[in-house]
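Heads up, run_17.cif below (mmCIF, C-alpha atoms):
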```
data_structure
#
loop_
_atom_site.label_atom_id
_atom_site.label_comp_id
_atom_site.auth_asym_id
_atom_site.auth_seq_id
_atom_site.Cartn_x
_atom_site.Cartn_y
_atom_site.Cartn_z
CA MET K 1 0.00 0.00 0.00
CA ALA K 2 2.83 2.31 0.96
CA ASN K 3 4.56 1.52 -2.32
CA LYS K 4 1.46 2.22 -4.28
CA ARG K 5 1.13 5.62 -2.67
CA GLU K 6 4.74 6.42 -3.39
CA THR K 7 4.35 5.50 -7.07
CA HIS K 8 1.29 7.70 -7.21
CA CYS K 9 3.26 10.63 -5.77
CA ASN K 10 6.19 10.04 -8.13
CA ASN K 11 3.87 10.10 -11.09
CA GLN K 12 2.50 13.40 -9.92
CA VAL K 13 5.97 14.82 -9.52
CA ASP K 14 6.87 13.63 -13.01
CA THR K 15 3.78 15.12 -14.63
CA PHE K 16 4.35 18.37 -12.83
CA ALA K 17 8.08 18.49 -13.58
CA GLU K 18 7.33 17.73 -17.21
CA ALA K 19 4.69 20.47 -17.45
CA LEU K 20 6.95 23.05 -15.82
CA ALA K 21 9.85 22.03 -18.06
CA THR K 22 7.57 22.50 -21.08
CA ALA K 23 6.64 26.01 -19.93
CA ARG K 24 10.30 26.90 -19.40
CA GLN K 25 11.38 25.47 -22.73
CA MET K 26 8.62 27.37 -24.51
CA GLN K 27 9.77 30.58 -22.85
CA GLN K 28 13.34 29.85 -23.91
CA ASN K 29 12.20 29.24 -27.48
CA TRP K 30 10.31 32.54 -27.48
CA LEU K 31 13.49 34.23 -26.24
CA THR K 32 15.40 32.83 -29.21
CA TYR K 33 12.84 33.03 -32.00
CA GLY K 34 10.14 35.46 -30.87
CA VAL K 35 6.62 34.52 -31.91
CA ASP K 36 8.11 32.26 -34.62
CA PHE K 37 8.76 29.77 -31.80
CA VAL K 38 5.31 28.38 -32.58
CA ASN K 39 6.79 26.64 -35.64
CA ILE K 40 8.75 24.36 -33.30
CA TYR K 41 5.51 23.07 -31.81
CA VAL K 42 3.04 23.26 -34.66
CA GLU K 43 3.75 22.07 -38.20
CA ASP K 44 1.01 23.91 -40.04
CA VAL K 45 0.80 27.33 -38.39
CA GLU K 46 -0.25 28.98 -41.64
CA GLY K 47 -2.59 26.12 -42.61
CA ASP K 48 -6.38 26.37 -42.64
CA TRP K 49 -6.89 25.32 -39.00
CA LEU K 50 -8.37 28.69 -38.07
CA GLU K 51 -10.83 28.62 -40.96
CA THR K 52 -11.96 25.10 -40.02
CA TRP K 53 -11.82 25.49 -36.21
CA GLY K 54 -15.57 25.09 -35.68
CA HIS K 55 -16.30 22.58 -38.46
CA ASP K 56 -16.18 19.39 -36.44
CA GLU K 57 -18.56 20.90 -33.94
CA ILE K 58 -21.17 21.37 -36.61
CA LEU K 59 -20.74 17.73 -37.63
CA GLY K 60 -20.16 16.63 -34.05
CA ASN K 61 -22.46 16.32 -31.14
CA PHE K 62 -23.99 19.74 -30.86
CA GLN K 63 -26.37 18.63 -28.13
CA LEU K 64 -23.62 17.28 -25.88
CA ASP K 65 -21.57 20.42 -26.43
CA SER K 66 -24.52 22.59 -25.47
CA ILE K 67 -25.15 20.51 -22.35
CA LYS K 68 -21.50 20.77 -21.32
CA GLU K 69 -21.44 24.46 -22.02
CA PHE K 70 -24.53 24.93 -19.90
CA LEU K 71 -23.27 22.79 -17.01
CA VAL K 72 -20.08 24.81 -16.60
CA SER K 73 -21.90 28.14 -16.95
CA ASN K 74 -22.88 30.64 -14.27
CA ASP K 75 -26.57 29.90 -14.71
CA SER K 76 -28.13 29.42 -11.28
CA VAL K 77 -29.55 26.01 -12.23
CA ALA K 78 -26.12 24.87 -13.47
CA VAL K 79 -24.55 26.07 -10.22
CA LYS K 80 -27.13 24.10 -8.21
CA VAL K 81 -26.52 20.98 -10.31
CA ARG K 82 -22.77 21.24 -9.71
CA GLU K 83 -23.31 21.71 -6.00
CA HIS K 84 -25.58 18.69 -5.98
CA LEU K 85 -23.10 16.51 -7.91
CA GLY K 86 -20.22 17.45 -5.63
CA GLU K 87 -17.34 15.10 -6.38
CA ARG K 88 -19.13 13.23 -9.16
CA SER K 89 -17.83 13.73 -12.69
CA LEU K 90 -19.54 16.55 -14.52
CA PHE K 91 -18.46 15.08 -17.86
CA ASP K 92 -20.07 11.69 -17.14
CA PHE K 93 -23.18 13.46 -16.01
CA ALA K 94 -23.25 15.49 -19.27
CA VAL K 95 -22.82 12.36 -21.39
CA ASN K 96 -25.60 10.53 -19.52
CA LEU K 97 -27.84 13.55 -19.73
CA ASP K 98 -27.25 13.77 -23.47
CA GLU K 99 -28.08 10.09 -23.88
CA SER K 100 -31.19 10.09 -21.76
CA TRP K 101 -32.41 13.23 -23.51
CA ARG K 102 -32.18 11.37 -26.82
CA ILE K 103 -33.86 8.17 -25.77
CA SER K 104 -36.58 9.26 -23.45
CA GLN K 105 -39.98 10.52 -24.40
CA THR K 106 -40.73 14.02 -23.23
CA ASN K 107 -42.85 12.79 -20.33
CA ASP K 108 -40.15 10.36 -19.20
CA ARG K 109 -37.43 12.96 -19.20
CA LEU K 110 -38.17 14.24 -15.75
CA SER K 111 -37.77 10.83 -14.16
CA ALA K 112 -34.66 10.12 -16.28
CA VAL K 113 -33.05 13.38 -15.14
CA LYS K 114 -34.15 12.73 -11.57
CA ASN K 115 -32.50 9.29 -11.69
CA LEU K 116 -29.30 10.79 -13.04
CA LEU K 117 -29.21 13.44 -10.35
CA ALA K 118 -29.84 10.86 -7.64
CA GLY K 119 -26.93 8.76 -8.94
CA GLU K 120 -26.68 5.02 -9.42
CA GLU K 121 -25.92 4.06 -5.90
CA ASN K 122 -28.68 6.00 -4.24
CA SER K 123 -32.21 4.77 -4.29
CA ILE K 124 -34.55 7.59 -5.12
CA ASP K 125 -36.41 9.04 -2.28
CA THR K 126 -39.61 10.27 -3.85
CA ASP K 127 -40.08 12.56 -0.90
CA ASP K 128 -36.93 14.44 -1.69
CA ILE K 129 -38.61 17.63 -2.81
CA ARG K 130 -35.30 19.35 -3.33
CA LEU K 131 -34.12 16.73 -5.81
CA LEU K 132 -37.40 16.75 -7.66
CA ASP K 133 -37.33 20.51 -7.80
CA LEU K 134 -33.79 20.54 -9.19
CA ALA K 135 -34.70 17.90 -11.80
CA ASN K 136 -37.68 19.96 -12.78
CA THR K 137 -35.79 23.20 -13.25
CA LEU K 138 -33.02 21.37 -15.12
CA VAL K 139 -35.50 19.80 -17.55
CA VAL K 140 -37.10 23.18 -18.19
CA LYS K 141 -33.68 24.76 -18.75
CA LEU K 142 -32.52 22.01 -21.13
CA ALA K 143 -35.74 22.22 -23.10
CA GLU K 144 -34.97 25.90 -23.64
CA ILE K 145 -31.41 25.26 -24.77
CA LEU K 146 -31.72 22.06 -26.83
CA MET G 1 1.87 18.46 -33.86
CA GLN G 2 -0.85 19.65 -36.19
CA ALA G 3 -2.72 22.83 -35.33
CA THR G 4 -5.99 20.89 -35.05
CA GLU G 5 -4.48 18.96 -32.14
CA ILE G 6 -4.35 22.24 -30.21
CA LYS G 7 -8.10 22.30 -30.31
CA ASP G 8 -8.29 18.69 -29.06
CA LYS G 9 -5.97 19.60 -26.19
CA LEU G 10 -8.03 22.64 -25.34
CA LYS G 11 -11.18 20.53 -25.26
CA SER G 12 -9.71 17.77 -23.13
CA LEU G 13 -8.37 20.38 -20.70
CA THR G 14 -11.82 21.97 -20.54
CA LEU G 15 -13.34 18.64 -19.56
CA GLN G 16 -10.62 17.97 -17.04
CA ALA G 17 -11.09 21.44 -15.59
CA SER G 18 -14.86 21.01 -15.33
CA SER G 19 -14.41 18.74 -12.33
CA ILE G 20 -11.40 20.60 -10.83
CA ASP G 21 -11.86 24.31 -11.50
CA HIS G 22 -15.12 25.52 -13.02
CA ASN G 23 -13.84 29.01 -13.67
CA LEU G 24 -10.96 27.66 -15.72
CA ALA G 25 -13.35 25.36 -17.61
CA ARG G 26 -15.46 28.37 -18.46
CA ARG G 27 -12.45 30.40 -19.61
CA LEU G 28 -11.19 27.58 -21.83
CA ASP G 29 -14.62 27.04 -23.29
CA GLU G 30 -14.87 30.73 -23.97
CA ILE G 31 -11.47 30.74 -25.69
CA ASN G 32 -12.57 27.86 -27.90
CA ARG G 33 -15.69 29.72 -28.97
CA TRP G 34 -13.74 32.93 -29.45
CA VAL G 35 -11.22 31.26 -31.80
CA LYS G 36 -14.14 29.86 -33.79
CA ASN G 37 -15.34 33.42 -34.35
CA ILE G 38 -12.05 34.94 -35.49
CA LYS G 39 -12.32 36.02 -39.08
CA PRO G 40 -9.45 34.26 -40.83
CA GLY G 41 -6.93 36.42 -42.59
CA SER G 42 -7.98 39.54 -40.74
CA LEU G 43 -6.07 41.66 -38.27
CA THR G 44 -4.31 39.10 -36.17
CA GLY G 45 -1.74 36.71 -37.54
CA LYS G 46 -2.13 33.01 -37.01
CA PRO G 47 1.24 32.67 -35.19
CA PHE G 48 0.03 34.97 -32.40
CA VAL G 49 -3.20 33.04 -31.96
CA ILE G 50 -1.22 29.78 -31.82
CA ALA G 51 1.28 31.29 -29.35
CA PHE G 52 -1.60 32.44 -27.16
CA LEU G 53 -3.24 29.02 -27.28
CA LEU G 54 0.00 27.13 -26.56
CA GLU G 55 0.53 29.36 -23.57
CA VAL G 56 -3.01 28.86 -22.26
CA ILE G 57 -2.66 25.09 -22.64
CA THR G 58 0.73 24.99 -20.90
CA ASP G 59 -0.36 27.18 -18.01
CA SER G 60 -3.72 25.45 -17.56
CA THR G 61 -1.98 22.06 -17.45
CA ILE G 62 0.30 23.25 -14.65
CA TRP G 63 -2.58 24.89 -12.81
CA LEU G 64 -4.76 21.76 -12.94
CA ILE G 65 -1.97 19.56 -11.59
CA ILE G 66 -1.50 21.92 -8.65
CA LYS G 67 -5.20 22.46 -8.08
CA SER G 68 -5.96 18.73 -7.99
CA LEU G 69 -3.44 18.05 -5.22
CA PRO G 70 -5.20 16.96 -2.04
CA SER G 71 -3.43 19.14 0.52
CA GLU G 72 -2.11 22.64 0.97
CA GLU G 73 1.34 21.23 1.86
CA GLU G 74 1.53 19.38 -1.44
CA ARG G 75 0.53 22.48 -3.36
CA LYS G 76 3.14 24.49 -1.47
CA ALA G 77 5.77 21.89 -2.32
CA LYS G 78 5.03 22.35 -6.02
CA PHE G 79 5.30 26.13 -5.78
CA ASN G 80 8.63 25.67 -4.03
CA LEU G 81 9.96 23.96 -7.15
CA MET G 82 9.34 27.15 -9.11
CA THR G 83 11.50 30.23 -9.52
CA PRO G 84 10.15 33.37 -7.75
CA ILE G 85 8.90 34.75 -11.05
CA GLU G 86 7.11 31.51 -11.95
CA ARG G 87 5.62 31.40 -8.48
CA TYR G 88 4.33 34.93 -8.98
CA TRP G 89 2.73 33.93 -12.27
CA TYR G 90 1.24 30.56 -11.34
CA GLY G 91 0.48 31.40 -7.74
CA TYR G 92 -0.83 34.95 -8.14
CA LEU G 93 -1.49 36.42 -11.57
CA PHE G 94 -2.65 33.38 -13.54
CA PRO G 95 -5.29 32.37 -10.93
CA ARG G 96 -6.47 35.97 -10.93
CA TRP G 97 -6.89 35.78 -14.67
CA ILE G 98 -8.86 32.54 -14.34
CA ASN G 99 -11.17 34.03 -11.74
CA ALA G 100 -11.40 37.55 -13.14
CA SER G 101 -14.76 39.13 -13.72
CA ASP G 102 -15.94 39.03 -17.30
CA SER G 103 -15.42 42.73 -17.91
CA LYS G 104 -11.69 42.33 -17.30
CA PHE G 105 -11.52 39.09 -19.20
CA TYR G 106 -12.99 40.52 -22.37
CA ILE G 107 -10.20 43.06 -22.76
CA TRP G 108 -7.83 40.51 -24.27
CA LYS G 109 -10.34 39.49 -26.89
CA GLN G 110 -10.83 43.06 -28.01
CA LYS G 111 -7.11 43.65 -28.13
CA LEU G 112 -6.29 40.49 -30.02
CA MET G 113 -9.07 41.20 -32.48
CA ALA G 114 -7.83 44.76 -32.91
CA GLY G 115 -4.48 43.40 -34.02
CA GLU G 116 -2.52 44.92 -31.16
CA PHE G 117 0.11 42.24 -31.49
CA ASN G 118 2.75 42.93 -34.02
CA GLN G 119 6.10 41.56 -34.96
CA VAL G 120 8.04 44.80 -34.27
CA ASP G 121 6.85 45.11 -30.66
CA ASP G 122 7.41 41.42 -30.10
CA ASP G 123 11.01 41.71 -31.39
CA ILE G 124 11.77 44.69 -29.12
CA ILE G 125 10.39 42.93 -26.07
CA LYS G 126 12.41 39.86 -27.02
CA SER G 127 15.64 41.96 -27.27
CA ILE G 128 14.97 43.44 -23.84
CA ALA G 129 14.34 39.97 -22.38
CA GLN G 130 17.59 38.68 -23.93
CA ASP G 131 19.55 41.54 -22.37
CA ILE G 132 17.92 40.96 -18.99
CA VAL G 133 18.98 37.31 -19.03
CA GLN G 134 22.55 38.27 -20.00
CA ARG G 135 22.67 40.52 -16.95
CA GLU G 136 21.57 37.76 -14.61
CA GLY G 137 18.00 38.87 -14.35
CA SER G 138 15.06 36.65 -15.14
CA PHE G 139 11.86 37.35 -17.03
CA TRP G 140 8.46 35.86 -17.74
CA GLN G 141 6.63 36.73 -20.93
CA ARG G 142 2.95 35.94 -21.30
CA TYR G 143 0.55 37.07 -24.00
CA ILE G 144 -2.20 36.82 -21.39
CA ALA G 145 -0.35 39.37 -19.23
CA ASP G 146 0.18 41.58 -22.25
CA LEU G 147 -3.48 41.48 -23.28
CA SER G 148 -5.20 41.64 -19.91
CA MET G 149 -2.74 43.14 -17.48
CA ALA G 150 -0.90 45.78 -19.53
CA THR G 151 2.30 43.87 -18.82
CA ASP G 152 4.81 43.09 -21.57
CA LEU G 153 7.34 41.46 -19.29
CA ILE G 154 7.65 40.43 -15.69
CA VAL G 155 11.21 41.03 -14.54
CA SER G 156 13.08 39.93 -11.47
CA ARG G 157 16.67 39.90 -10.23
CA ASN G 158 17.27 40.40 -6.52
CA ASN G 159 13.77 41.34 -5.44
CA GLU G 160 10.09 40.56 -6.01
CA PRO G 161 8.92 40.37 -9.65
CA LEU G 162 8.15 43.68 -11.34
CA CYS G 163 5.54 44.16 -14.08
CA ILE G 164 6.78 46.20 -17.01
CA GLN G 165 4.96 47.88 -19.87
CA ILE G 166 7.06 49.08 -22.81
CA THR G 167 5.72 51.63 -25.24
CA SER G 168 6.89 53.90 -28.05
CA VAL G 169 3.87 56.20 -28.18
CA SER G 170 4.20 59.98 -28.46
CA GLU G 171 4.41 62.18 -25.38
CA GLU G 172 0.82 63.34 -25.72
CA LEU G 173 -0.74 59.88 -26.01
CA ASN G 174 1.73 58.67 -23.46
CA HIS G 175 -0.06 60.30 -20.56
CA GLN G 176 -3.42 58.73 -21.41
CA LYS G 177 -1.78 55.36 -21.83
CA TYR G 178 0.05 55.78 -18.53
CA GLU G 179 -3.19 56.54 -16.68
CA ALA G 180 -4.91 53.52 -18.23
CA TRP G 181 -1.91 51.35 -17.41
CA GLN G 182 -1.96 52.40 -13.75
CA ASN G 183 -5.65 51.64 -13.45
CA THR G 184 -5.20 48.24 -15.04
CA LEU G 185 -2.38 47.32 -12.67
CA ARG G 186 -4.41 48.46 -9.68
CA SER G 187 -7.41 46.45 -10.78
CA TRP G 188 -5.28 43.28 -10.86
CA GLU G 189 -3.73 44.20 -7.51
CA ILE G 190 -0.27 44.17 -9.02
CA GLU G 191 2.05 45.47 -6.34
CA ARG G 192 4.73 47.24 -8.38
CA GLY G 193 4.87 48.42 -11.97
CA LEU G 194 7.15 50.22 -14.40
CA PHE G 195 5.95 52.08 -17.48
CA LEU G 196 8.79 52.53 -19.96
CA SER G 197 8.55 54.60 -23.08
CA TYR G 198 11.36 54.84 -25.59
CA ASN G 199 12.41 56.61 -28.71
CA PRO G 200 12.99 54.04 -31.47
CA LYS G 201 15.42 56.46 -33.14
CA ASP G 202 17.79 56.19 -30.22
CA ALA G 203 20.23 53.43 -31.15
CA ASN G 204 20.92 52.56 -27.53
CA PHE G 205 17.34 52.37 -26.27
CA VAL G 206 17.27 48.65 -25.47
CA ASN G 207 20.30 48.99 -23.24
CA GLN G 208 18.78 52.01 -21.47
CA LEU G 209 15.45 50.28 -20.94
CA VAL G 210 17.15 47.24 -19.45
CA ASN G 211 19.19 49.42 -17.07
CA VAL G 212 16.04 51.10 -15.79
CA ALA G 213 14.09 47.85 -15.63
CA LEU G 214 16.71 45.95 -13.65
CA TYR G 215 17.44 48.85 -11.30
CA ASN G 216 13.76 49.27 -10.48
CA SER G 217 13.12 45.57 -10.17
CA ASP G 218 15.75 45.65 -7.41
CA TYR G 219 14.78 48.90 -5.70
CA LEU G 220 11.27 50.10 -6.52
CA SER G 221 9.19 49.95 -3.37
CA GLY G 222 5.82 48.25 -3.08
CA GLY G 223 2.66 50.10 -4.05
CA LYS G 224 4.55 52.19 -6.63
CA TYR G 225 3.80 52.60 -10.31
CA LEU G 226 6.67 54.41 -11.94
CA LYS G 227 6.79 56.06 -15.34
CA PHE G 228 10.07 56.45 -17.13
CA SER G 229 10.58 58.06 -20.49
#
```
Is it possible to give me this structure as structure tokens?
Amino acid sequence: MANKRETHCNNQVDTFAEALATARQMQQNWLTYGVDFVNIYVEDVEGDWLETWGHDEILGNFQLDSIKEFLVSNDSVAVKVREHLGERSLFDFAVNLDESWRISQTNDRLSAVKNLLAGEENSIDTDDIRLLDLANTLVVKLAEIL
Amino acid sequence: MQATEIKDKLKSLTLQASSIDHNLARRLDEINRWVKNIKPGSLTGKPFVIAFLLEVITDSTIWLIIKSLPSEEERKAKFNLMTPIERYWYGYLFPRWINASDSKFYIWKQKLMAGEFNQVDDDIIKSIAQDIVQREGSFWQRYIADLSMATDLIVSRNNEPLCIQITSVSEELNHQKYEAWQNTLRSWEIERGLFLSYNPKDANFVNQLVNVALYNSDYLSGGKYLKFS
């Protein structure tokens, strides 16, 4: 167990040392080449990446992106959802929300969202007014956005 | 790497940040949407946008590693591995940028869109930084600091880091710019600042600017914003 913890710490040190070394090297490269330092890191600086930056999003999952965007926003409902989720992954929640929004009928959405908010391990307490209220406001919000 | 991979990195950092630091997640998401809206070929060169993005990715990566550490001691230990100037950036200014109110945050977008970056300025700042290093000083250059905090370079030698703005504007405009600069520094709660203006016709101006910068980084007292022209 002690070994495992040590390995974990070493990995963290390595990732951190690596990230700091990258920042320092980048600074050094700027000092030598000015803004042209970007050519060391990126092969196609003058390519069409800027013109096509948003293209995959149009083809991609617009709904999931909108959900994610909403969940990290300052909207009071989003803030409440984050507070409710606590340590749980916001990304997983967004993916599940996206999925359940696709598959469920409009009238099932509330219970699907309620289940997601309650989490897998917790049995739903139908008396939990607060949870029901949050699910309700979230469904209304998502219906506006999506 | 290919430029499109920058976008992938930005997105994966945004997701990572969403469970560690919501404000950073929001900033990164905003940057992604902002880049999408840049009109290609206009005003700002692609190298500057890439430089800005590389910087944001590098700094966010470091910040998320520190932020996800379980204890204050562990975070402190990481900051102790940094130079004083890096500590000032990652421990003070960068978190302020992440958590800044939107009105402050939008400044950089306007500036980048207005094409305020240019090769000549960048080359002068680079020459000054090179001279500072040769004279045993250290520097930190960040496009974020330039855009949001009116700071071209952060300089340090024997004292706390000093934020420096370098400008070649005329005497008349100079005063307005100086006032705006002071207000910006105050709003970020930057402790000490130096506003340097120079005459590009003077062949020795880089040397002079470096003398003033290093001297003041050593001796300028806290709470002072000094103008030198």
> When distances are computed from all atoms listed in the file, which of G:Asn211, G:Gln130, G:Ser101, G:Thr184 shows the smallest separation from chain K?
Replying inline: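 Comparing G:Asn211, G:Gln130, G:Ser101, G:Thr184 against chain K, the winner is G:Gln130.
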>> Once the PyMOL selection byres ((chain K) within 7 of (chain G)) has been evaluated on this model, what residues remain selected, and can you format them as a VMD selection string?
In response: chain K and resid 16 19 to 20 23 31 34 to 36 38 41 to 46 49 to 51 53 to 54 72 to 73 89 to 91
>> Calculated over only C-alpha atoms, which of the candidates K:Ile67, K:Gln25, K:Thr52, K:Leu85 has the smallest distance to Ile40 (chain K)?
In response: K:Gln25
> For the point (7.3, 46.5, -17.9) in file coordinates, what residues are within 12 Å, counting all atoms listed in the file? Give the answer as a ChimeraX atom specification?
Replying inline: /G:125,128-129,139-142,145-146,149-156,161-167,178,181-182,185,190,192-197,209-210,212-214,216-217,225-228
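With all atoms listed in the file as the atoms that count, the minimum distance from Leu116 (chain K) to the choices K:Arg88, K:Arg130, K:Lys80, K:His55 is reached by K:Arg88.
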> When you draw a straight line from CA of Asp131 (chain G) to CA of Tyr215 (chain G), how long is it in Å?
Replying inline: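 So the two atoms, CA of Asp131 (chain G) and CA of Tyr215 (chain G), lie 13.4 Å apart.
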> Which is closer to Asp133 (chain K) than all the others in K:Glu99, K:Ala21, K:Val113, K:Asn39, using all atoms listed in the file?
Replying inline: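 Among the listed residues, K:Val113 lies closest to Asp133 (chain K).
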> How many Å separate CA of Leu146 (chain K) from CA of Ser100 (chain K)?
Replying inline: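 Computing the Euclidean distance for CA of Leu146 (chain K) and CA of Ser100 (chain K) yields 13.0 Å.
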